[in-house]
>>> print(open('input-v8.pdb').read())   # PDB, C-alpha atoms
ATOM      1  CA  MET A1137       0.000   0.000   0.000
ATOM      2  CA  LYS A1138       0.986   3.572  -0.536
ATOM      3  CA  TYR A1139       0.639   4.642   3.077
ATOM      4  CA  ARG A1140       3.237   3.507   5.613
ATOM      5  CA  THR A1141       2.116   5.227   8.785
ATOM      6  CA  VAL A1142      -1.603   5.823   9.160
ATOM      7  CA  LEU A1143      -3.031   7.870  12.000
ATOM      8  CA  VAL A1144      -6.593   7.572  13.292
ATOM      9  CA  ALA A1145      -7.988  10.017  15.810
ATOM     10  CA  TYR A1146     -10.288   8.427  18.362
ATOM     11  CA  ASP A1147     -12.757  10.356  20.523
ATOM     12  CA  GLU A1148     -15.219   7.636  21.621
ATOM     13  CA  SER A1149     -17.763   8.688  18.969
ATOM     14  CA  GLU A1150     -19.357   6.153  16.613
ATOM     15  CA  ALA A1151     -17.802   7.962  13.634
ATOM     16  CA  SER A1152     -14.346   7.527  15.157
ATOM     17  CA  HIS A1153     -14.979   3.791  15.589
ATOM     18  CA  ARG A1154     -15.916   3.668  11.899
ATOM     19  CA  ALA A1155     -12.750   5.640  11.129
ATOM     20  CA  ILE A1156     -10.649   3.051  12.971
ATOM     21  CA  ARG A1157     -12.281   0.189  11.092
ATOM     22  CA  ALA A1158     -11.700   1.939   7.737
ATOM     23  CA  ALA A1159      -8.039   2.515   8.623
ATOM     24  CA  VAL A1160      -7.684  -1.097   9.758
ATOM     25  CA  ASP A1161      -9.036  -2.210   6.362
ATOM     26  CA  LEU A1162      -6.429  -0.066   4.651
ATOM     27  CA  VAL A1163      -3.438  -1.441   6.561
ATOM     28  CA  ALA A1164      -4.696  -5.000   7.154
ATOM     29  CA  ASP A1165      -3.391  -6.489   3.899
ATOM     30  CA  ASP A1166      -0.039  -4.784   4.120
ATOM     31  CA  GLY A1167       2.729  -6.337   6.187
ATOM     32  CA  THR A1168       4.728  -3.131   6.509
ATOM     33  CA  ALA A1169       2.119  -0.421   7.125
ATOM     34  CA  HIS A1170       1.622   0.693  10.700
ATOM     35  CA  LEU A1171      -1.467   2.110  12.369
ATOM     36  CA  HIS A1172      -1.454   4.711  15.148
ATOM     37  CA  VAL A1173      -4.675   5.227  17.055
ATOM     38  CA  ILE A1174      -4.539   8.312  19.236
ATOM     39  CA  SER A1175      -6.780  10.070  21.671
ATOM     40  CA  VAL A1176      -6.011  13.728  22.306
ATOM     41  CA  ILE A1177      -6.175  15.200  25.787
ATOM     42  CA  PRO A1178      -5.636  18.840  26.731
ATOM     43  CA  SER A1179      -2.026  19.725  27.285
ATOM     44  CA  MET A1180      -2.152  21.164  30.766
ATOM     45  CA  GLU A1181       0.811  23.455  30.627
ATOM     46  CA  GLU A1182      -0.834  25.416  27.864
ATOM     47  CA  ASN A1183      -4.359  25.156  29.167
ATOM     48  CA  TYR A1184      -3.408  26.551  32.530
ATOM     49  CA  ALA A1185      -1.107  29.078  30.922
ATOM     50  CA  TYR A1186       1.688  27.780  33.080
ATOM     51  CA  ALA A1187       4.846  29.450  31.915
ATOM     52  CA  GLY A1188       7.319  27.366  33.864
ATOM     53  CA  PHE A1189       8.532  30.269  35.995
ATOM     54  CA  GLY A1190       9.237  28.447  39.229
ATOM     55  CA  GLY A1191       5.626  27.405  39.686
ATOM     56  CA  GLU A1192       4.102  30.795  39.075
ATOM     57  CA  VAL A1193       0.961  31.092  37.059
ATOM     58  CA  ALA A1194       1.438  33.391  34.120
ATOM     59  CA  GLY A1195      -2.191  33.756  33.243
ATOM     60  CA  GLY A1196      -5.296  31.669  32.736
ATOM     61  CA  ASN A1197      -7.108  30.538  35.860
ATOM     62  CA  PRO A1198      -5.629  32.397  38.812
ATOM     63  CA  ASN A1199      -7.186  29.987  41.300
ATOM     64  CA  ILE A1200      -5.133  27.062  40.188
ATOM     65  CA  ILE A1201      -1.453  27.021  40.941
ATOM     66  CA  PHE A1202       0.585  24.024  39.980
ATOM     67  CA  ASP A1203       4.263  23.442  39.907
ATOM     68  CA  THR A1204       5.740  21.474  37.033
ATOM     69  CA  GLU A1205       5.976  18.257  38.949
ATOM     70  CA  THR A1206       2.359  18.294  40.083
ATOM     71  CA  LEU A1207       1.239  19.194  36.615
ATOM     72  CA  GLU A1208       3.173  16.339  35.055
ATOM     73  CA  LYS A1209       1.855  13.846  37.584
ATOM     74  CA  LEU A1210      -1.675  14.995  36.977
ATOM     75  CA  GLN A1211      -1.287  14.825  33.217
ATOM     76  CA  ASP A1212       0.331  11.384  33.389
ATOM     77  CA  ALA A1213      -2.479  10.092  35.561
ATOM     78  CA  ILE A1214      -5.105  11.390  33.160
ATOM     79  CA  ALA A1215      -3.217  10.017  30.149
ATOM     80  CA  GLU A1216      -2.880   6.621  31.796
ATOM     81  CA  GLY A1217      -6.608   6.459  32.483
ATOM     82  CA  GLU A1218      -7.491   7.601  28.967
ATOM     83  CA  LEU A1219      -5.131   5.094  27.385
ATOM     84  CA  LYS A1220      -6.577   2.228  29.422
ATOM     85  CA  LYS A1221     -10.100   3.268  28.470
ATOM     86  CA  MET A1222      -9.200   3.605  24.788
ATOM     87  CA  LYS A1223      -7.513   0.171  24.771
ATOM     88  CA  GLU A1224     -10.681  -1.416  26.082
ATOM     89  CA  GLN A1225     -12.968   0.449  23.718
ATOM     90  CA  VAL A1226     -11.044  -0.106  20.475
ATOM     91  CA  SER A1227      -9.613  -3.583  21.041
ATOM     92  CA  ASP A1228     -12.250  -5.226  18.821
ATOM     93  CA  ASP A1229     -11.798  -2.636  16.061
ATOM     94  CA  VAL A1230      -8.017  -3.057  15.868
ATOM     95  CA  ALA A1231      -7.957  -6.839  16.369
ATOM     96  CA  PRO A1232      -7.177  -7.581  12.669
ATOM     97  CA  VAL A1233      -3.956  -5.533  12.861
ATOM     98  CA  ARG A1234      -3.032  -6.102  16.489
ATOM     99  CA  ASN A1235       0.650  -6.657  15.619
ATOM    100  CA  SER A1236       1.014  -3.418  13.713
ATOM    101  CA  VAL A1237      -0.915  -0.933  15.796
ATOM    102  CA  THR A1238       0.161   1.627  18.385
ATOM    103  CA  LEU A1239      -2.387   3.059  20.802
ATOM    104  CA  GLU A1240      -1.263   6.344  22.248
ATOM    105  CA  ILE A1241      -2.329   9.524  23.999
ATOM    106  CA  ALA A1242      -1.462  12.805  22.285
ATOM    107  CA  TYR A1243      -1.563  16.294  23.758
ATOM    108  CA  GLY A1244      -2.830  19.520  22.316
ATOM    109  CA  THR A1245      -4.462  22.802  23.250
ATOM    110  CA  ASN A1246      -7.311  21.460  21.108
ATOM    111  CA  PRO A1247      -7.875  18.094  19.379
ATOM    112  CA  ALA A1248      -6.843  19.393  15.943
ATOM    113  CA  THR A1249      -3.454  20.728  17.099
ATOM    114  CA  GLY A1250      -2.911  17.503  19.047
ATOM    115  CA  ILE A1251      -3.558  15.430  15.927
ATOM    116  CA  LEU A1252      -1.391  17.609  13.688
ATOM    117  CA  SER A1253       1.603  17.730  16.021
ATOM    118  CA  TYR A1254       1.419  13.946  16.446
ATOM    119  CA  VAL A1255       1.372  13.575  12.651
ATOM    120  CA  GLU A1256       4.443  15.748  12.392
ATOM    121  CA  SER A1257       6.483  14.065  15.100
ATOM    122  CA  ASN A1258       5.605  10.538  13.931
ATOM    123  CA  GLY A1259       5.870  11.088  10.172
ATOM    124  CA  CYS A1260       2.332   9.881   9.469
ATOM    125  CA  ASP A1261       1.368   9.942   5.793
ATOM    126  CA  LEU A1262      -2.412   9.633   6.109
ATOM    127  CA  ILE A1263      -4.932  10.872   8.671
ATOM    128  CA  VAL A1264      -8.266   9.089   9.105
ATOM    129  CA  ILE A1265     -10.952  10.884  11.097
ATOM    130  CA  GLY A1266     -14.681  10.780  11.663
ATOM    131  CA  SER A1267     -16.616  13.628  10.070
ATOM    132  CA  ARG A1268     -18.173  14.444  13.402
ATOM    133  CA  GLY A1269     -17.140  13.915  16.965
ATOM    134  CA  LEU A1270     -19.317  13.255  19.944
ATOM    135  CA  GLY A1271     -22.945  14.130  20.123
ATOM    136  CA  VAL A1272     -23.599  16.029  16.940
ATOM    137  CA  LEU A1273     -25.533  15.455  13.736
ATOM    138  CA  ARG A1274     -24.169  12.774  11.490
ATOM    139  CA  GLY A1275     -23.176  13.903   8.030
ATOM    140  CA  MET A1276     -22.145  17.379   9.055
ATOM    141  CA  LEU A1277     -18.506  18.235   9.172
ATOM    142  CA  GLY A1278     -17.276  18.976  12.679
ATOM    143  CA  SER A1279     -14.947  21.804  13.588
ATOM    144  CA  VAL A1280     -12.111  19.459  14.547
ATOM    145  CA  SER A1281     -12.319  17.625  11.227
ATOM    146  CA  TYR A1282     -12.488  20.933   9.414
ATOM    147  CA  SER A1283      -9.376  22.297  11.166
ATOM    148  CA  VAL A1284      -7.465  19.090  10.519
ATOM    149  CA  ILE A1285      -8.373  19.104   6.815
ATOM    150  CA  ARG A1286      -7.407  22.742   6.478
ATOM    151  CA  SER A1287      -4.049  22.454   8.180
ATOM    152  CA  SER A1288      -2.918  18.922   7.459
ATOM    153  CA  PRO A1289       0.150  18.493   5.262
ATOM    154  CA  VAL A1290      -0.967  14.942   4.368
ATOM    155  CA  PRO A1291      -4.181  13.504   2.861
ATOM    156  CA  VAL A1292      -7.126  13.294   5.243
ATOM    157  CA  LEU A1293      -9.691  10.510   4.882
ATOM    158  CA  VAL A1294     -13.005  11.572   6.400
ATOM    159  CA  ILE A1295     -15.345   8.756   7.427
ATOM    160  CA  LYS A1296     -18.991   9.602   7.989
TER     161      LYS A1296
ATOM    162  CA  MET B  38     -11.204  -5.572   1.670
ATOM    163  CA  GLY B  39     -11.120  -1.815   1.527
ATOM    164  CA  PHE B  40     -12.526   0.541  -1.060
ATOM    165  CA  GLN B  41     -13.785  -1.029  -4.277
ATOM    166  CA  THR B  42     -15.189   1.832  -6.349
ATOM    167  CA  ILE B  43     -13.207   5.035  -5.989
ATOM    168  CA  LEU B  44     -14.266   8.366  -7.468
ATOM    169  CA  ALA B  45     -11.442  10.821  -8.104
ATOM    170  CA  ALA B  46     -12.818  14.310  -8.713
ATOM    171  CA  TYR B  47     -10.767  16.052 -11.394
ATOM    172  CA  ASP B  48     -10.884  19.679 -12.498
ATOM    173  CA  LYS B  49      -7.439  19.892 -14.185
ATOM    174  CA  SER B  50      -5.917  21.723 -11.213
ATOM    175  CA  GLU B  51      -2.615  20.585  -9.725
ATOM    176  CA  VAL B  52      -4.183  19.495  -6.465
ATOM    177  CA  ALA B  53      -6.799  17.484  -8.389
ATOM    178  CA  THR B  54      -3.966  15.822 -10.292
ATOM    179  CA  ARG B  55      -2.473  14.809  -6.946
ATOM    180  CA  ALA B  56      -5.893  13.540  -5.868
ATOM    181  CA  VAL B  57      -6.099  11.348  -8.965
ATOM    182  CA  GLY B  58      -2.595  10.084  -8.199
ATOM    183  CA  GLN B  59      -3.640   9.116  -4.674
ATOM    184  CA  ALA B  60      -6.740   7.350  -5.988
ATOM    185  CA  LEU B  61      -4.718   5.402  -8.560
ATOM    186  CA  ASP B  62      -2.119   4.334  -6.006
ATOM    187  CA  LEU B  63      -4.779   3.315  -3.533
ATOM    188  CA  ALA B  64      -6.774   1.355  -6.124
ATOM    189  CA  ALA B  65      -3.627  -0.351  -7.401
ATOM    190  CA  SER B  66      -3.180  -1.816  -3.918
ATOM    191  CA  ILE B  67      -6.780  -3.043  -3.595
ATOM    192  CA  PRO B  68      -7.525  -6.111  -5.746
ATOM    193  CA  GLY B  69     -10.688  -5.824  -7.839
ATOM    194  CA  SER B  70     -11.105  -2.113  -7.221
ATOM    195  CA  GLN B  71     -11.726   0.505  -9.880
ATOM    196  CA  VAL B  72     -11.361   4.255 -10.243
ATOM    197  CA  TYR B  73     -13.680   6.726 -11.932
ATOM    198  CA  VAL B  74     -11.914   9.965 -12.802
ATOM    199  CA  VAL B  75     -14.811  12.422 -12.966
ATOM    200  CA  LEU B  76     -14.822  15.917 -14.434
ATOM    201  CA  VAL B  77     -17.938  18.027 -13.819
ATOM    202  CA  LEU B  78     -18.894  20.582 -16.476
ATOM    203  CA  PRO B  79     -21.682  23.134 -16.248
ATOM    204  CA  ASP B  80     -25.021  21.644 -17.242
ATOM    205  CA  PHE B  81     -25.892  23.151 -20.619
ATOM    206  CA  ARG B  82     -29.623  22.925 -19.996
ATOM    207  CA  ALA B  83     -29.437  24.880 -16.795
ATOM    208  CA  ALA B  84     -26.719  27.198 -18.076
ATOM    209  CA  LEU B  85     -28.772  28.043 -21.144
ATOM    210  CA  GLY B  86     -31.975  28.382 -19.232
ATOM    211  CA  TYR B  87     -33.585  25.457 -20.991
ATOM    212  CA  GLY B  88     -36.539  24.312 -18.964
ATOM    213  CA  GLY B  89     -37.408  21.160 -20.853
ATOM    214  CA  LEU B  90     -40.911  22.460 -21.430
ATOM    215  CA  GLY B  91     -42.454  21.540 -24.757
ATOM    216  CA  LYS B  92     -40.188  21.745 -27.775
ATOM    217  CA  GLY B  93     -37.252  23.422 -26.162
ATOM    218  CA  ALA B  94     -38.266  27.007 -25.836
ATOM    219  CA  LEU B  95     -35.624  28.965 -24.083
ATOM    220  CA  LEU B  96     -36.764  30.464 -20.809
ATOM    221  CA  SER B  97     -34.017  33.016 -20.412
ATOM    222  CA  ALA B  98     -33.763  36.296 -22.235
ATOM    223  CA  SER B  99     -31.187  34.953 -24.629
ATOM    224  CA  ALA B 100     -31.716  35.186 -28.368
ATOM    225  CA  VAL B 101     -30.432  31.660 -28.852
ATOM    226  CA  MET B 102     -32.755  28.706 -28.823
ATOM    227  CA  PHE B 103     -31.717  25.109 -28.293
ATOM    228  CA  ASP B 104     -33.696  21.963 -28.530
ATOM    229  CA  GLU B 105     -32.841  18.762 -26.689
ATOM    230  CA  SER B 106     -30.920  17.167 -29.544
ATOM    231  CA  SER B 107     -28.676  20.160 -30.138
ATOM    232  CA  ILE B 108     -27.938  20.260 -26.425
ATOM    233  CA  ARG B 109     -27.059  16.600 -26.561
ATOM    234  CA  ASN B 110     -24.773  17.299 -29.508
ATOM    235  CA  LEU B 111     -23.137  20.104 -27.598
ATOM    236  CA  GLU B 112     -22.546  17.811 -24.627
ATOM    237  CA  GLU B 113     -21.198  15.029 -26.792
ATOM    238  CA  SER B 114     -18.667  17.247 -28.510
ATOM    239  CA  ALA B 115     -17.707  18.881 -25.211
ATOM    240  CA  THR B 116     -17.277  15.449 -23.619
ATOM    241  CA  ARG B 117     -15.088  14.300 -26.494
ATOM    242  CA  ARG B 118     -12.958  17.420 -26.308
ATOM    243  CA  GLU B 119     -12.620  17.260 -22.526
ATOM    244  CA  LYS B 120     -11.665  13.586 -22.564
ATOM    245  CA  GLU B 121      -8.933  14.357 -25.094
ATOM    246  CA  GLU B 122      -7.634  17.133 -22.892
ATOM    247  CA  ILE B 123      -7.772  14.946 -19.777
ATOM    248  CA  ASP B 124      -5.873  12.310 -21.706
ATOM    249  CA  SER B 125      -3.158  14.780 -22.644
ATOM    250  CA  LEU B 126      -2.911  15.955 -19.030
ATOM    251  CA  ILE B 127      -3.042  12.742 -16.985
ATOM    252  CA  GLY B 128      -3.465   9.960 -19.574
ATOM    253  CA  ASP B 129       0.088   8.729 -19.046
ATOM    254  CA  SER B 130      -0.225   8.278 -15.307
ATOM    255  CA  ILE B 131      -3.575   6.529 -15.806
ATOM    256  CA  ARG B 132      -2.055   4.110 -18.325
ATOM    257  CA  GLU B 133       0.992   3.486 -16.144
ATOM    258  CA  SER B 134      -1.164   2.679 -13.140
ATOM    259  CA  ALA B 135      -2.114  -0.880 -12.301
ATOM    260  CA  ALA B 136      -5.596   0.345 -11.385
ATOM    261  CA  HIS B 137      -8.674  -0.168 -13.536
ATOM    262  CA  VAL B 138      -9.687   3.353 -14.606
ATOM    263  CA  ASN B 139     -12.626   5.010 -16.393
ATOM    264  CA  VAL B 140     -12.644   8.697 -17.273
ATOM    265  CA  GLU B 141     -16.096  10.296 -17.220
ATOM    266  CA  VAL B 142     -17.446  13.771 -17.922
ATOM    267  CA  VAL B 143     -20.708  14.708 -16.204
ATOM    268  CA  TYR B 144     -22.894  17.797 -16.397
ATOM    269  CA  ASN B 145     -24.180  19.695 -13.433
ATOM    270  CA  LEU B 146     -24.337  23.343 -12.453
ATOM    271  CA  LYS B 147     -22.774  22.503  -9.093
ATOM    272  CA  PRO B 148     -19.515  20.538  -9.126
ATOM    273  CA  ALA B 149     -20.311  19.024  -5.719
ATOM    274  CA  LEU B 150     -23.722  17.787  -6.838
ATOM    275  CA  GLY B 151     -22.248  16.367 -10.029
ATOM    276  CA  ILE B 152     -19.724  14.424  -7.966
ATOM    277  CA  LEU B 153     -22.246  13.207  -5.382
ATOM    278  CA  ASP B 154     -24.786  12.248  -8.043
ATOM    279  CA  PHE B 155     -22.195  10.252  -9.951
ATOM    280  CA  ALA B 156     -20.996   8.586  -6.746
ATOM    281  CA  GLU B 157     -24.515   7.509  -5.902
ATOM    282  CA  LYS B 158     -25.326   6.187  -9.370
ATOM    283  CA  HIS B 159     -22.121   4.174  -9.579
ATOM    284  CA  GLY B 160     -22.048   2.973  -5.990
ATOM    285  CA  CYS B 161     -18.742   4.680  -5.216
ATOM    286  CA  ASP B 162     -17.499   3.920  -1.705
ATOM    287  CA  LEU B 163     -14.785   6.589  -1.598
ATOM    288  CA  ILE B 164     -14.433  10.070  -3.074
ATOM    289  CA  VAL B 165     -10.920  11.481  -3.446
ATOM    290  CA  MET B 166     -10.612  15.200  -4.112
ATOM    291  CA  GLY B 167      -8.312  18.172  -3.731
ATOM    292  CA  ALA B 168      -8.741  20.467  -0.746
ATOM    293  CA  HIS B 169      -9.527  23.244  -3.189
ATOM    294  CA  GLY B 170     -10.031  23.414  -6.934
ATOM    295  CA  LEU B 171      -8.979  25.885  -9.570
ATOM    296  CA  ASN B 172      -9.904  28.853  -7.440
ATOM    297  CA  PRO B 173      -7.947  28.370  -4.227
ATOM    298  CA  LEU B 174      -8.202  30.904  -1.447
ATOM    299  CA  GLY B 175      -4.955  30.627   0.408
ATOM    300  CA  GLY B 176      -5.291  26.990   1.385
ATOM    301  CA  LEU B 177      -8.884  27.214   2.567
ATOM    302  CA  LEU B 178     -11.198  24.378   1.791
ATOM    303  CA  GLY B 179     -12.912  24.954  -1.553
ATOM    304  CA  SER B 180     -16.683  25.144  -1.758
ATOM    305  CA  ALA B 181     -17.045  21.931  -3.766
ATOM    306  CA  SER B 182     -14.825  20.012  -1.314
ATOM    307  CA  TYR B 183     -16.731  21.510   1.574
ATOM    308  CA  ALA B 184     -20.109  20.517   0.106
ATOM    309  CA  VAL B 185     -18.995  16.969  -0.634
ATOM    310  CA  LEU B 186     -17.598  16.655   2.890
ATOM    311  CA  HIS B 187     -20.933  17.750   4.303
ATOM    312  CA  ALA B 188     -22.909  15.167   2.387
ATOM    313  CA  PRO B 189     -23.798  12.057   4.344
ATOM    314  CA  SER B 190     -22.481   8.511   3.930
ATOM    315  CA  VAL B 191     -19.592   8.460   1.448
ATOM    316  CA  PRO B 192     -16.071   8.662   2.916
ATOM    317  CA  VAL B 193     -14.000  11.481   1.432
ATOM    318  CA  MET B 194     -10.242  11.702   1.151
ATOM    319  CA  VAL B 195      -9.028  15.283   0.959
ATOM    320  CA  VAL B 196      -5.666  15.722  -0.746
ATOM    321  CA  LYS B 197      -3.383  18.757  -0.446
TER     322      LYS B 197
END
>>> encode(input="input-v8.pdb", output="structure tokens")
Amino acid sequence: MKYRTVLVAYDESEASHRAIRAAVDLVADDGTAHLHVISVIPSMEENYAYAGFGGEVAGGNPNIIFDTETLEKLQDAIAEGELKKMKEQVSDDVAPVRNSVTLEIAYGTNPATGILSYVESNGCDLIVIGSRGLGVLRGMLGSVSYSVIRSSPVPVLVIK
Amino acid sequence: MGFQTILAAYDKSEVATRAVGQALDLAASIPGSQVYVVLVLPDFRAALGYGGLGKGALLSASAVMFDESSIRNLEESATRREKEEIDSLIGDSIRESAAHVNVEVVYNLKPALGILDFAEKHGCDLIVMGAHGLNPLGGLLGSASYAVLHAPSVPVMVVK
């Protein structure tokens, strides 16, 4: 197959399950292609506007003050929980390619930036996403999908 | 498994040429699959204001009158001419590809509707298209791509 490293973004929606299954179909017959399934969680440092100045808060929510260590622990704990949950929820979908799939948590200020920075750092050559995330009308293009399509350097396969 | 009937939307732009390339490569890796390269031209009937009422009276204020058979002749000669041009532009890559390819010219006032209508009639299970067509606005998603993405059911691969 043409694509070597395929990324699917998972957000627990039905469309993202369909996206995983479509991506699995694409890589299933190819011994060398690899599938990455990611779930994006907020990157805390940016969300809390933590600037890394000795634990001071540079902006954002003034009620929350974290030092780097606390922040990292918190983020790791959340990531661990999300990864475990994702593994359970997508294990059936990825079963056909279980030897060539990586399940991972990515970070971003929003899902689209999380997806795009993961694509960049992992050299993915195709993105597969659902047209809509959680809880919205099927068939309409969601804002995350729209941002990813607009900014992606690689082809984006949108599954409805 | 995977996609069996792939529609590659083509409007002679560079990004559409890349979209066709992606479709050919993808189809070449899927046994039994085929590609329709589809160019949408303006519908002569609608463009000329022909309403199909009676013997072909023109509804617009134009001085020209067309009946159904002269419109058909117009379409046939336009189709022939367009297919020759498509062949000179991307015929080589189509012939070099291992994919099974048909080039089709369809008529519709809206490119997106022409694409979706063709996809429905031919049971296409994937549409591949450029992020924008011949009239790109600084990397924004083109209106035809946007409309096709908003339509329900068929997966769409957007190529940059």
>>> closest_residue(input="input-v8.pdb", among="B:Pro79, B:Gly167, B:Pro148, B:Gly58", to="B:Ser130", atoms="all atoms listed in the file")
B:Gly58
>>> interface_residues(input="input-v8.pdb", of="chain A", to="chain B", cutoff="10 Å", atoms="all atoms listed in the file", output="PyMOL selection string")
chain A and resi 1137-1139+1155+1157-1166+1262-1267+1274-1278+1281-1283+1285-1296
>>> write_last_selection(input="input-v8.pdb", atoms="C-alpha atoms", output="PDB file, in the frame of the given file")
ATOM      1  CA  MET A1137       0.000   0.000   0.000  1.00  0.00           C
ATOM      2  CA  LYS A1138       0.986   3.572  -0.536  1.00  0.00           C
ATOM      3  CA  TYR A1139       0.639   4.642   3.077  1.00  0.00           C
ATOM      4  CA  ALA A1155     -12.750   5.640  11.129  1.00  0.00           C
ATOM      5  CA  ARG A1157     -12.281   0.189  11.092  1.00  0.00           C
ATOM      6  CA  ALA A1158     -11.700   1.939   7.737  1.00  0.00           C
ATOM      7  CA  ALA A1159      -8.039   2.515   8.623  1.00  0.00           C
ATOM      8  CA  VAL A1160      -7.684  -1.097   9.758  1.00  0.00           C
ATOM      9  CA  ASP A1161      -9.036  -2.210   6.362  1.00  0.00           C
ATOM     10  CA  LEU A1162      -6.429  -0.066   4.651  1.00  0.00           C
ATOM     11  CA  VAL A1163      -3.438  -1.441   6.561  1.00  0.00           C
ATOM     12  CA  ALA A1164      -4.696  -5.000   7.154  1.00  0.00           C
ATOM     13  CA  ASP A1165      -3.391  -6.489   3.899  1.00  0.00           C
ATOM     14  CA  ASP A1166      -0.039  -4.784   4.120  1.00  0.00           C
ATOM     15  CA  LEU A1262      -2.412   9.633   6.109  1.00  0.00           C
ATOM     16  CA  ILE A1263      -4.932  10.872   8.671  1.00  0.00           C
ATOM     17  CA  VAL A1264      -8.266   9.089   9.105  1.00  0.00           C
ATOM     18  CA  ILE A1265     -10.952  10.884  11.097  1.00  0.00           C
ATOM     19  CA  GLY A1266     -14.681  10.780  11.663  1.00  0.00           C
ATOM     20  CA  SER A1267     -16.616  13.628  10.070  1.00  0.00           C
ATOM     21  CA  ARG A1274     -24.169  12.774  11.490  1.00  0.00           C
ATOM     22  CA  GLY A1275     -23.176  13.903   8.030  1.00  0.00           C
ATOM     23  CA  MET A1276     -22.145  17.379   9.055  1.00  0.00           C
ATOM     24  CA  LEU A1277     -18.506  18.235   9.172  1.00  0.00           C
ATOM     25  CA  GLY A1278     -17.276  18.976  12.679  1.00  0.00           C
ATOM     26  CA  SER A1281     -12.319  17.625  11.227  1.00  0.00           C
ATOM     27  CA  TYR A1282     -12.488  20.933   9.414  1.00  0.00           C
ATOM     28  CA  SER A1283      -9.376  22.297  11.166  1.00  0.00           C
ATOM     29  CA  ILE A1285      -8.373  19.104   6.815  1.00  0.00           C
ATOM     30  CA  ARG A1286      -7.407  22.742   6.478  1.00  0.00           C
ATOM     31  CA  SER A1287      -4.049  22.454   8.180  1.00  0.00           C
ATOM     32  CA  SER A1288      -2.918  18.922   7.459  1.00  0.00           C
ATOM     33  CA  PRO A1289       0.150  18.493   5.262  1.00  0.00           C
ATOM     34  CA  VAL A1290      -0.967  14.942   4.368  1.00  0.00           C
ATOM     35  CA  PRO A1291      -4.181  13.504   2.861  1.00  0.00           C
ATOM     36  CA  VAL A1292      -7.126  13.294   5.243  1.00  0.00           C
ATOM     37  CA  LEU A1293      -9.691  10.510   4.882  1.00  0.00           C
ATOM     38  CA  VAL A1294     -13.005  11.572   6.400  1.00  0.00           C
ATOM     39  CA  ILE A1295     -15.345   8.756   7.427  1.00  0.00           C
ATOM     40  CA  LYS A1296     -18.991   9.602   7.989  1.00  0.00           C
TER      41      LYS A1296
END
>>> atom_distance(input="input-v8.pdb", atom1="atom CA of A:Asp1228", atom2="atom CA of A:Arg1268")
21.2 Å
>>> resolve_selection(input="input-v8.pdb", expression="the PyMOL selection byres ((chain B and resi 49) around 10)", output="ChimeraX atom specification")
/B:46-48,50-54,76,122-123,126-127,170-171
>>> atom_distance(input="input-v8.pdb", atom1="atom CA of A:Cys1260", atom2="atom CA of A:Thr1141")
4.7 Å
>>> residues_around(input="input-v8.pdb", residues="stretch 1249-1252 of chain A", least_positions_apart="5", cutoff="8 Å", atoms="only C-alpha atoms", output="PDB file with C-alpha atoms, keeping the file's coordinate frame")
ATOM      1  CA  ALA A1145      -7.988  10.017  15.810  1.00  0.00           C
ATOM      2  CA  ILE A1174      -4.539   8.312  19.236  1.00  0.00           C
ATOM      3  CA  VAL A1176      -6.011  13.728  22.306  1.00  0.00           C
ATOM      4  CA  ILE A1177      -6.175  15.200  25.787  1.00  0.00           C
ATOM      5  CA  ALA A1242      -1.462  12.805  22.285  1.00  0.00           C
ATOM      6  CA  TYR A1243      -1.563  16.294  23.758  1.00  0.00           C
ATOM      7  CA  GLY A1244      -2.830  19.520  22.316  1.00  0.00           C
ATOM      8  CA  VAL A1284      -7.465  19.090  10.519  1.00  0.00           C
ATOM      9  CA  SER A1287      -4.049  22.454   8.180  1.00  0.00           C
ATOM     10  CA  SER A1288      -2.918  18.922   7.459  1.00  0.00           C
TER      11      SER A1288
END
>>> atom_distance(input="input-v8.pdb", atom1="atom CA of A:Ala1151", atom2="atom CA of A:Leu1239")
17.7 Å
>>> closest_residue(input="input-v8.pdb", among="B:Thr116, B:Asp154, B:Val72, B:Ile43", to="B:Ala136", atoms="all atoms listed in the file")
B:Val72
>>> resolve_selection(input="input-v8.pdb", expression="the PyMOL selection byres ((chain B and resi 137) around 10)", output="PyMOL selection string")
chain B and resi 42+61+64-65+68-73+131-132+134-136+138-139
>>> write_last_selection(input="input-v8.pdb", atoms="C-alpha atoms", output="compact mmCIF listing (two decimals), in the frame of the given file")
# COMPACT_ATOMS: atom_id res chain seq x y z
CA THR B 42 -15.19 1.83 -6.35
CA LEU B 61 -4.72 5.40 -8.56
CA ALA B 64 -6.77 1.36 -6.12
CA ALA B 65 -3.63 -0.35 -7.40
CA PRO B 68 -7.52 -6.11 -5.75
CA GLY B 69 -10.69 -5.82 -7.84
CA SER B 70 -11.10 -2.11 -7.22
CA GLN B 71 -11.73 0.50 -9.88
CA VAL B 72 -11.36 4.26 -10.24
CA TYR B 73 -13.68 6.73 -11.93
CA ILE B 131 -3.58 6.53 -15.81
CA ARG B 132 -2.06 4.11 -18.32
CA SER B 134 -1.16 2.68 -13.14
CA ALA B 135 -2.11 -0.88 -12.30
CA ALA B 136 -5.60 0.34 -11.38
CA VAL B 138 -9.69 3.35 -14.61
CA ASN B 139 -12.63 5.01 -16.39
>>> resolve_selection(input="input-v8.pdb", expression="the PyMOL selection byres ((chain A and resi 1240) around 12)", output="PyMOL selection string")
chain A and resi 1143-1146+1171-1177+1215-1223+1226+1237-1239+1241-1243+1250-1251+1254+1258
>>> axis_aligned_box(input="input-v8.pdb", around="stretch 1246-1251 of chain A", padding_each_side="4 Å", output="JSON")
{"center_x": -5.4, "center_y": 18.4, "center_z": 18.5, "size_x": 13.0, "size_y": 14.0, "size_z": 13.2}
